[in-house]
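For reference, my_file19.tsv is printed below; it contains TSV, C-alpha atoms.
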chain	number	residue	atom	x	y	z
E	1	MET	CA	0.00	0.00	0.00
E	2	THR	CA	1.40	3.40	-0.91
E	3	MET	CA	1.04	6.57	1.11
E	4	THR	CA	-1.45	9.05	-0.34
E	5	GLU	CA	-2.43	12.54	0.76
E	6	SER	CA	-5.46	11.06	2.54
E	7	SER	CA	-3.45	8.37	4.40
E	8	LEU	CA	-2.18	8.86	7.92
E	9	PRO	CA	1.61	8.89	8.37
E	10	ALA	CA	2.96	5.52	9.59
E	11	LYS	CA	4.11	6.98	12.92
E	12	THR	CA	0.64	8.35	13.81
E	13	ARG	CA	-0.46	7.18	17.26
E	14	ILE	CA	-3.53	7.42	19.45
E	15	GLY	CA	-2.54	10.02	22.03
E	16	HIS	CA	-4.81	9.33	25.01
E	17	VAL	CA	-8.16	8.00	26.11
E	18	HIS	CA	-10.54	10.08	28.23
E	19	LEU	CA	-13.15	8.17	30.22
E	20	ARG	CA	-16.30	9.15	32.06
E	21	VAL	CA	-16.26	7.46	35.47
E	22	SER	CA	-18.72	7.30	38.34
E	23	ASP	CA	-16.20	7.66	41.19
E	24	LEU	CA	-13.02	9.64	40.49
E	25	ASP	CA	-11.09	8.48	43.57
E	26	ARG	CA	-11.88	4.82	42.83
E	27	ALA	CA	-10.81	5.26	39.20
E	28	ILE	CA	-7.57	7.01	40.21
E	29	ASP	CA	-6.83	4.19	42.66
E	30	PHE	CA	-7.28	1.61	39.89
E	31	TYR	CA	-5.22	3.34	37.20
E	32	ARG	CA	-2.51	4.63	39.56
E	33	ASP	CA	-2.20	1.92	42.20
E	34	LEU	CA	-3.08	-1.21	40.22
E	35	LEU	CA	-1.99	-0.40	36.66
E	36	GLY	CA	0.91	1.87	37.68
E	37	PHE	CA	0.12	5.16	35.94
E	38	GLU	CA	1.37	8.38	37.55
E	39	LEU	CA	-1.21	10.97	38.59
E	40	MET	CA	-0.16	14.14	36.75
E	41	VAL	CA	-2.93	16.50	37.84
E	42	GLU	CA	-6.35	16.41	39.46
E	43	PHE	CA	-8.94	19.13	38.87
E	44	GLU	CA	-11.17	19.95	41.85
E	45	GLY	CA	-12.18	16.31	42.41
E	46	GLU	CA	-13.92	16.21	39.01
E	47	ALA	CA	-11.17	15.18	36.59
E	48	ALA	CA	-7.69	13.72	36.59
E	49	PHE	CA	-4.91	13.06	34.09
E	50	LEU	CA	-2.58	10.07	34.48
E	51	SER	CA	0.56	9.19	32.57
E	52	ALA	CA	3.31	6.68	31.95
E	53	GLY	CA	6.80	8.15	31.86
E	54	GLY	CA	5.94	11.80	32.40
E	55	TYR	CA	3.83	12.34	29.26
E	56	HIS	CA	1.13	14.99	29.91
E	57	HIS	CA	-1.52	12.24	29.99
E	58	HIS	CA	-2.37	8.88	28.54
E	59	ILE	CA	-5.57	8.47	30.57
E	60	GLY	CA	-8.06	11.22	31.31
E	61	LEU	CA	-10.83	10.58	33.85
E	62	ASN	CA	-13.82	12.76	34.66
E	63	THR	CA	-17.15	12.73	36.48
E	64	TRP	CA	-18.59	15.78	34.67
E	65	GLN	CA	-21.65	13.91	33.35
E	66	SER	CA	-21.24	10.56	35.06
E	67	GLU	CA	-20.73	10.93	38.83
E	68	GLY	CA	-22.55	8.07	40.55
E	69	GLY	CA	-23.58	6.70	37.15
E	70	SER	CA	-23.69	3.13	35.93
E	71	PRO	CA	-21.98	1.47	32.95
E	72	PRO	CA	-23.88	1.39	29.65
E	73	PRO	CA	-26.17	-1.65	29.46
E	74	PRO	CA	-25.29	-4.54	27.15
E	75	GLY	CA	-26.51	-4.08	23.60
E	76	THR	CA	-25.59	-0.39	23.41
E	77	THR	CA	-22.81	1.28	21.46
E	78	GLY	CA	-19.69	2.79	22.98
E	79	LEU	CA	-16.17	1.86	23.92
E	80	TYR	CA	-15.43	-1.88	23.60
E	81	HIS	CA	-11.90	-1.58	25.01
E	82	PHE	CA	-8.73	0.42	24.72
E	83	ALA	CA	-5.23	-1.07	24.70
E	84	ILE	CA	-2.26	-0.28	26.89
E	85	ASN	CA	0.84	-1.49	25.03
E	86	TYR	CA	3.88	-2.42	27.12
E	87	PRO	CA	7.37	-2.05	25.64
E	88	THR	CA	8.53	-5.56	26.64
E	89	ARG	CA	6.93	-8.93	27.31
E	90	ARG	CA	8.37	-8.77	30.82
E	91	ASP	CA	6.53	-5.47	31.42
E	92	LEU	CA	3.26	-7.18	30.43
E	93	ALA	CA	4.12	-10.02	32.83
E	94	VAL	CA	4.69	-7.58	35.69
E	95	ALA	CA	1.31	-5.93	35.01
E	96	PHE	CA	-0.37	-9.35	34.93
E	97	ARG	CA	1.26	-10.34	38.21
E	98	ARG	CA	-0.02	-7.11	39.83
E	99	LEU	CA	-3.55	-8.05	38.74
E	100	LEU	CA	-3.15	-11.54	40.20
E	101	GLU	CA	-1.79	-10.18	43.49
E	102	ALA	CA	-4.77	-7.79	43.74
E	103	ASN	CA	-7.22	-10.60	42.89
E	104	TRP	CA	-8.48	-8.45	39.99
E	105	ALA	CA	-10.76	-10.35	37.58
E	106	VAL	CA	-9.31	-11.05	34.15
E	107	ASP	CA	-11.83	-11.60	31.34
E	108	GLY	CA	-9.48	-13.48	29.04
E	109	ALA	CA	-6.02	-13.75	27.51
E	110	SER	CA	-5.02	-14.44	23.91
E	111	ASP	CA	-1.99	-14.82	21.69
E	112	HIS	CA	-2.98	-13.07	18.48
E	113	GLY	CA	0.30	-13.80	16.68
E	114	THR	CA	0.98	-10.09	16.28
E	115	HIS	CA	0.69	-9.49	20.01
E	116	GLU	CA	-0.15	-11.04	23.35
E	117	ALA	CA	-3.18	-9.64	25.19
E	118	ILE	CA	-4.84	-9.78	28.60
E	119	TYR	CA	-8.40	-8.47	28.82
E	120	LEU	CA	-10.09	-6.93	31.86
E	121	HIS	CA	-12.46	-4.17	32.94
E	122	ASP	CA	-11.86	-1.16	35.15
E	123	PRO	CA	-14.18	-0.35	38.10
E	124	ASP	CA	-16.61	1.41	35.72
E	125	HIS	CA	-16.63	-1.59	33.40
E	126	ASN	CA	-14.56	0.08	30.65
E	127	GLY	CA	-12.80	-2.65	28.67
E	128	ILE	CA	-9.01	-2.70	28.76
E	129	GLU	CA	-6.51	-4.75	26.79
E	130	LEU	CA	-3.02	-5.02	28.28
E	131	ALA	CA	-0.75	-5.93	25.36
E	132	TRP	CA	2.79	-6.56	24.17
E	133	ASP	CA	3.48	-6.37	20.42
E	134	ARG	CA	5.90	-8.77	18.76
E	135	ASP	CA	8.34	-7.28	16.29
E	136	GLN	CA	6.60	-6.72	12.95
E	137	SER	CA	9.01	-9.17	11.29
E	138	GLU	CA	7.43	-11.95	13.42
E	139	TRP	CA	3.79	-11.14	12.59
E	140	PRO	CA	2.02	-14.05	10.89
E	141	ARG	CA	1.09	-13.53	7.27
E	142	SER	CA	-0.89	-15.55	4.78
E	143	GLY	CA	-0.74	-14.70	1.11
E	144	GLY	CA	1.16	-11.51	1.97
E	145	LYS	CA	-1.64	-10.28	4.27
E	146	LEU	CA	-1.61	-10.00	8.03
E	147	SER	CA	-3.11	-13.07	9.67
E	148	PHE	CA	-4.35	-12.79	13.25
E	149	THR	CA	-4.52	-15.83	15.50
E	150	ARG	CA	-6.65	-16.41	18.55
E	151	ARG	CA	-4.73	-18.94	20.59
E	152	PRO	CA	-4.77	-19.16	24.38
E	153	LEU	CA	-1.99	-17.08	25.92
E	154	ASP	CA	0.68	-19.14	27.70
E	155	LEU	CA	0.22	-17.45	31.09
E	156	ASP	CA	2.85	-19.61	32.82
E	157	GLY	CA	5.34	-18.72	30.09
E	158	LEU	CA	4.41	-15.06	30.44
E	159	LEU	CA	4.95	-15.13	34.20
E	160	GLY	CA	8.24	-16.95	33.55
E	161	GLU	CA	9.52	-13.59	32.24
E	162	ILE	CA	9.69	-12.50	35.90
E	163	LYS	CA	12.28	-13.98	38.27
E	164	ASP	CA	9.81	-14.30	41.16
E	165	PRO	CA	6.42	-15.21	39.61
E	166	VAL	CA	3.26	-15.57	41.68
E	167	SER	CA	2.74	-19.15	42.80
So that I can check it, write out the structure of this file as structure tokens.
Amino acid sequence: MTMTESSLPAKTRIGHVHLRVSDLDRAIDFYRDLLGFELMVEFEGEAAFLSAGGYHHHIGLNTWQSEGGSPPPPGTTGLYHFAINYPTRRDLAVAFRRLLEANWAVDGASDHGTHEAIYLHDPDHNGIELAWDRDQSEWPRSGGKLSFTRRPLDLDGLLGEIKDPVS
């Protein structure tokens, strides 16, 4: 595929996700204390921005129209999930171990060939994919086209990336 004036540049990235939550403190606790993001700024108990590595924000949270609210019911449109991509497989393993240690429910885990993924929900039932991408040279292809797989993720192998895995 060639780049055209209407194509996005290859290095284009999604900058951040901003979520409506029902309880700001609970959401901050989840994203900061369980997933490891740094709280960059909080606005009068109504909004907060969290980051990895000092970026202005990767996650925005607010209660402007949702304080005390409930998640959307099944069968409605909206966010399915967003992905948090870790730079190394070991980083994904550390995040998974934190979830296990906190007894946080995991919805599923898959090896998609292109990447490994762990699926869960935050306290407001927003879907999250924790992922590690393989190098593009390792992505499965069939007939020159990208070919996703949906195999079970080897969770023991993943935790083996850490010297002291959870027993």
**OP:** Counting all atoms listed in the file, figure out which residue out of E:Asp25, E:Glu46, E:Glu38, E:Asp122 gets nearest to Leu99 (chain E).
**Re:** E:Asp122
Subject >> Shortest interatomic distance to Gly78 (chain E) - which of E:Leu34, E:Leu120, E:Val41, E:Leu19, counting only C-alpha atoms >> reply: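 Going through E:Leu34, E:Leu120, E:Val41, E:Leu19 one by one, the smallest distance to Gly78 (chain E) is for E:Leu19.
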**OP:** Measuring atom to atom with only C-alpha atoms, identify which of E:Asn85, E:Gln65, E:Ser142, E:Asn103 is nearest to Ile118 (chain E).
**Re:** E:Asn85
Original post:
With all atoms listed in the file as the atoms that count, which of E:Ala52, E:Leu146, E:Ile162, E:Val21 lies nearest to Pro87 (chain E)?
Top reply: E:Ala52
With all atoms of region 121-128 of chain E from the file as input, state the centre and edge lengths in Å to one decimal of the axis-aligned box that has 8 Å extra on each side, as JSON.
{"center_x": -12.8, "center_y": -1.4, "center_z": 33.4, "size_x": 23.6, "size_y": 21.6, "size_z": 25.4}
Report the closest atom pair, with its distance in Å rounded to one decimal, for each residue of region 7-121 of chain E that has an atom no farther than 12 Å from region 152-157 of chain E; count all atoms listed in the file, sort by chain and then rising residue number, and write it as a tab-separated table.
residue	atom	partner	partner_atom	distance
E:Arg89	CA	E:Gly157	CA	10.3
E:Arg90	CA	E:Gly157	CA	10.4
E:Leu92	CA	E:Leu155	CA	10.7
E:Ala93	CA	E:Leu155	CA	8.6
E:Val94	CA	E:Leu155	CA	11.8
E:Phe96	CA	E:Leu155	CA	9.0
E:Arg97	CA	E:Leu155	CA	10.1
E:Leu100	CA	E:Leu155	CA	11.4
E:Val106	CA	E:Leu155	CA	11.9
E:Gly108	CA	E:Pro152	CA	8.7
E:Ala109	CA	E:Leu153	CA	5.5
E:Ser110	CA	E:Leu153	CA	4.5
E:Asp111	CA	E:Leu153	CA	4.8
E:His112	CA	E:Leu153	CA	8.5
E:Gly113	CA	E:Leu153	CA	10.1
E:His115	CA	E:Leu153	CA	10.0
E:Glu116	CA	E:Leu153	CA	6.8
E:Ala117	CA	E:Leu153	CA	7.6
E:Ile118	CA	E:Leu153	CA	8.3
E:Tyr119	CA	E:Leu153	CA	11.1
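Considering the residues E:Gly127, E:Gly69, E:Pro9, E:Gly54 and counting all atoms listed in the file, Leu24 (chain E) has its shortest atom-to-atom contact with E:Gly69.
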**OP:** Could you check how far CA of Asp124 (chain E) sits from CA of Asp91 (chain E), in Å to one decimal?
**Re:** 24.5 Å
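When only C-alpha atoms are used to measure the gap to Ser51 (chain E), the shortest distance among E:His18, E:Arg26, E:Arg141, E:His81 belongs to E:His18.
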**OP:** Determine, counting only C-alpha atoms, which protein, DNA and RNA residues have an atom within 12 Å of an atom of His57 (chain E); residues of the same chain fewer than 3 positions away are not included. Present the result as a VMD selection string.
**Re:** chain E and resid 14 to 18 37 to 42 48 to 54 60 to 61
**OP:** Name the residues within 12 Å of (-17.0, -4.3, 36.6), counting all atoms listed in the file in the file's coordinates, and put them as an NGL selection string.
**Re:** :E and (21-22 or 27 or 30 or 70-73 or 104-107 or 120-128)
Write to file, as a PDB file, in the frame of the given file, the residues of the selection just made, with C-alpha atoms.
ATOM      1  CA  VAL E  21     -16.260   7.460  35.470  1.00  0.00           C
ATOM      2  CA  SER E  22     -18.720   7.300  38.340  1.00  0.00           C
ATOM      3  CA  ALA E  27     -10.810   5.260  39.200  1.00  0.00           C
ATOM      4  CA  PHE E  30      -7.280   1.610  39.890  1.00  0.00           C
ATOM      5  CA  SER E  70     -23.690   3.130  35.930  1.00  0.00           C
ATOM      6  CA  PRO E  71     -21.980   1.470  32.950  1.00  0.00           C
ATOM      7  CA  PRO E  72     -23.880   1.390  29.650  1.00  0.00           C
ATOM      8  CA  PRO E  73     -26.170  -1.650  29.460  1.00  0.00           C
ATOM      9  CA  TRP E 104      -8.480  -8.450  39.990  1.00  0.00           C
ATOM     10  CA  ALA E 105     -10.760 -10.350  37.580  1.00  0.00           C
ATOM     11  CA  VAL E 106      -9.310 -11.050  34.150  1.00  0.00           C
ATOM     12  CA  ASP E 107     -11.830 -11.600  31.340  1.00  0.00           C
ATOM     13  CA  LEU E 120     -10.090  -6.930  31.860  1.00  0.00           C
ATOM     14  CA  HIS E 121     -12.460  -4.170  32.940  1.00  0.00           C
ATOM     15  CA  ASP E 122     -11.860  -1.160  35.150  1.00  0.00           C
ATOM     16  CA  PRO E 123     -14.180  -0.350  38.100  1.00  0.00           C
ATOM     17  CA  ASP E 124     -16.610   1.410  35.720  1.00  0.00           C
ATOM     18  CA  HIS E 125     -16.630  -1.590  33.400  1.00  0.00           C
ATOM     19  CA  ASN E 126     -14.560   0.080  30.650  1.00  0.00           C
ATOM     20  CA  GLY E 127     -12.800  -2.650  28.670  1.00  0.00           C
ATOM     21  CA  ILE E 128      -9.010  -2.700  28.760  1.00  0.00           C
TER      22      ILE E 128
END
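Note that the spacing between CA of Asp135 (chain E) and CA of Thr114 (chain E) amounts to 7.9 Å.
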Subject >> Interatomic distance, CA of Asp23 (chain E) to CA of Gly45 (chain E) (Å, one decimal) >> reply: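 Answer for the CA of Asp23 (chain E) to CA of Gly45 (chain E) separation: 9.6 Å.
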With the input short on atoms, add N, CA and C atoms back to region 135-153 of chain E and write it as a PDB file, keeping the file's coordinate frame.
ATOM      1  N   ASP E 135       7.732  -8.032  17.371  1.00  0.00           N
ATOM      2  CA  ASP E 135       8.340  -7.280  16.290  1.00  0.00           C
ATOM      3  C   ASP E 135       7.571  -7.573  15.000  1.00  0.00           C
ATOM      4  N   GLN E 136       7.386  -6.564  14.179  1.00  0.00           N
ATOM      5  CA  GLN E 136       6.600  -6.720  12.950  1.00  0.00           C
ATOM      6  C   GLN E 136       7.127  -7.837  12.056  1.00  0.00           C
ATOM      7  N   SER E 137       8.432  -8.108  12.116  1.00  0.00           N
ATOM      8  CA  SER E 137       9.010  -9.170  11.290  1.00  0.00           C
ATOM      9  C   SER E 137       8.499 -10.556  11.715  1.00  0.00           C
ATOM     10  N   GLU E 138       7.936 -10.668  12.916  1.00  0.00           N
ATOM     11  CA  GLU E 138       7.430 -11.950  13.420  1.00  0.00           C
ATOM     12  C   GLU E 138       5.910 -12.098  13.234  1.00  0.00           C
ATOM     13  N   TRP E 139       5.242 -11.070  12.735  1.00  0.00           N
ATOM     14  CA  TRP E 139       3.790 -11.140  12.590  1.00  0.00           C
ATOM     15  C   TRP E 139       3.416 -12.186  11.545  1.00  0.00           C
ATOM     16  N   PRO E 140       2.423 -13.011  11.849  1.00  0.00           N
ATOM     17  CA  PRO E 140       2.020 -14.050  10.890  1.00  0.00           C
ATOM     18  C   PRO E 140       1.338 -13.434   9.667  1.00  0.00           C
ATOM     19  N   ARG E 141       1.669 -14.002   8.529  1.00  0.00           N
ATOM     20  CA  ARG E 141       1.090 -13.530   7.270  1.00  0.00           C
ATOM     21  C   ARG E 141       0.652 -14.733   6.448  1.00  0.00           C
ATOM     22  N   SER E 142      -0.387 -14.522   5.692  1.00  0.00           N
ATOM     23  CA  SER E 142      -0.890 -15.550   4.780  1.00  0.00           C
ATOM     24  C   SER E 142      -1.184 -14.869   3.458  1.00  0.00           C
ATOM     25  N   GLY E 143      -0.542 -15.323   2.414  1.00  0.00           N
ATOM     26  CA  GLY E 143      -0.740 -14.700   1.110  1.00  0.00           C
ATOM     27  C   GLY E 143      -0.321 -13.238   1.102  1.00  0.00           C
ATOM     28  N   GLY E 144       0.669 -12.889   1.905  1.00  0.00           N
ATOM     29  CA  GLY E 144       1.160 -11.510   1.970  1.00  0.00           C
ATOM     30  C   GLY E 144       0.333 -10.596   2.852  1.00  0.00           C
ATOM     31  N   LYS E 145      -0.773 -11.103   3.414  1.00  0.00           N
ATOM     32  CA  LYS E 145      -1.640 -10.280   4.270  1.00  0.00           C
ATOM     33  C   LYS E 145      -1.480 -10.697   5.721  1.00  0.00           C
ATOM     34  N   LEU E 146      -1.672  -9.750   6.592  1.00  0.00           N
ATOM     35  CA  LEU E 146      -1.610 -10.000   8.030  1.00  0.00           C
ATOM     36  C   LEU E 146      -2.640 -11.052   8.414  1.00  0.00           C
ATOM     37  N   SER E 147      -2.243 -11.977   9.255  1.00  0.00           N
ATOM     38  CA  SER E 147      -3.110 -13.070   9.670  1.00  0.00           C
ATOM     39  C   SER E 147      -3.124 -13.147  11.198  1.00  0.00           C
ATOM     40  N   PHE E 148      -4.233 -12.736  11.794  1.00  0.00           N
ATOM     41  CA  PHE E 148      -4.350 -12.790  13.250  1.00  0.00           C
ATOM     42  C   PHE E 148      -4.649 -14.212  13.695  1.00  0.00           C
ATOM     43  N   THR E 149      -4.169 -14.552  14.884  1.00  0.00           N
ATOM     44  CA  THR E 149      -4.520 -15.830  15.500  1.00  0.00           C
ATOM     45  C   THR E 149      -5.294 -15.537  16.771  1.00  0.00           C
ATOM     46  N   ARG E 150      -5.887 -16.570  17.315  1.00  0.00           N
ATOM     47  CA  ARG E 150      -6.650 -16.410  18.550  1.00  0.00           C
ATOM     48  C   ARG E 150      -6.401 -17.638  19.420  1.00  0.00           C
ATOM     49  N   ARG E 151      -5.130 -17.807  19.763  1.00  0.00           N
ATOM     50  CA  ARG E 151      -4.730 -18.940  20.590  1.00  0.00           C
ATOM     51  C   ARG E 151      -4.727 -18.520  22.052  1.00  0.00           C
ATOM     52  N   PRO E 152      -4.889 -19.495  22.955  1.00  0.00           N
ATOM     53  CA  PRO E 152      -4.770 -19.160  24.380  1.00  0.00           C
ATOM     54  C   PRO E 152      -3.370 -18.634  24.677  1.00  0.00           C
ATOM     55  N   LEU E 153      -3.285 -17.634  25.513  1.00  0.00           N
ATOM     56  CA  LEU E 153      -1.990 -17.080  25.920  1.00  0.00           C
ATOM     57  C   LEU E 153      -1.356 -18.007  26.939  1.00  0.00           C
TER      58      LEU E 153
END
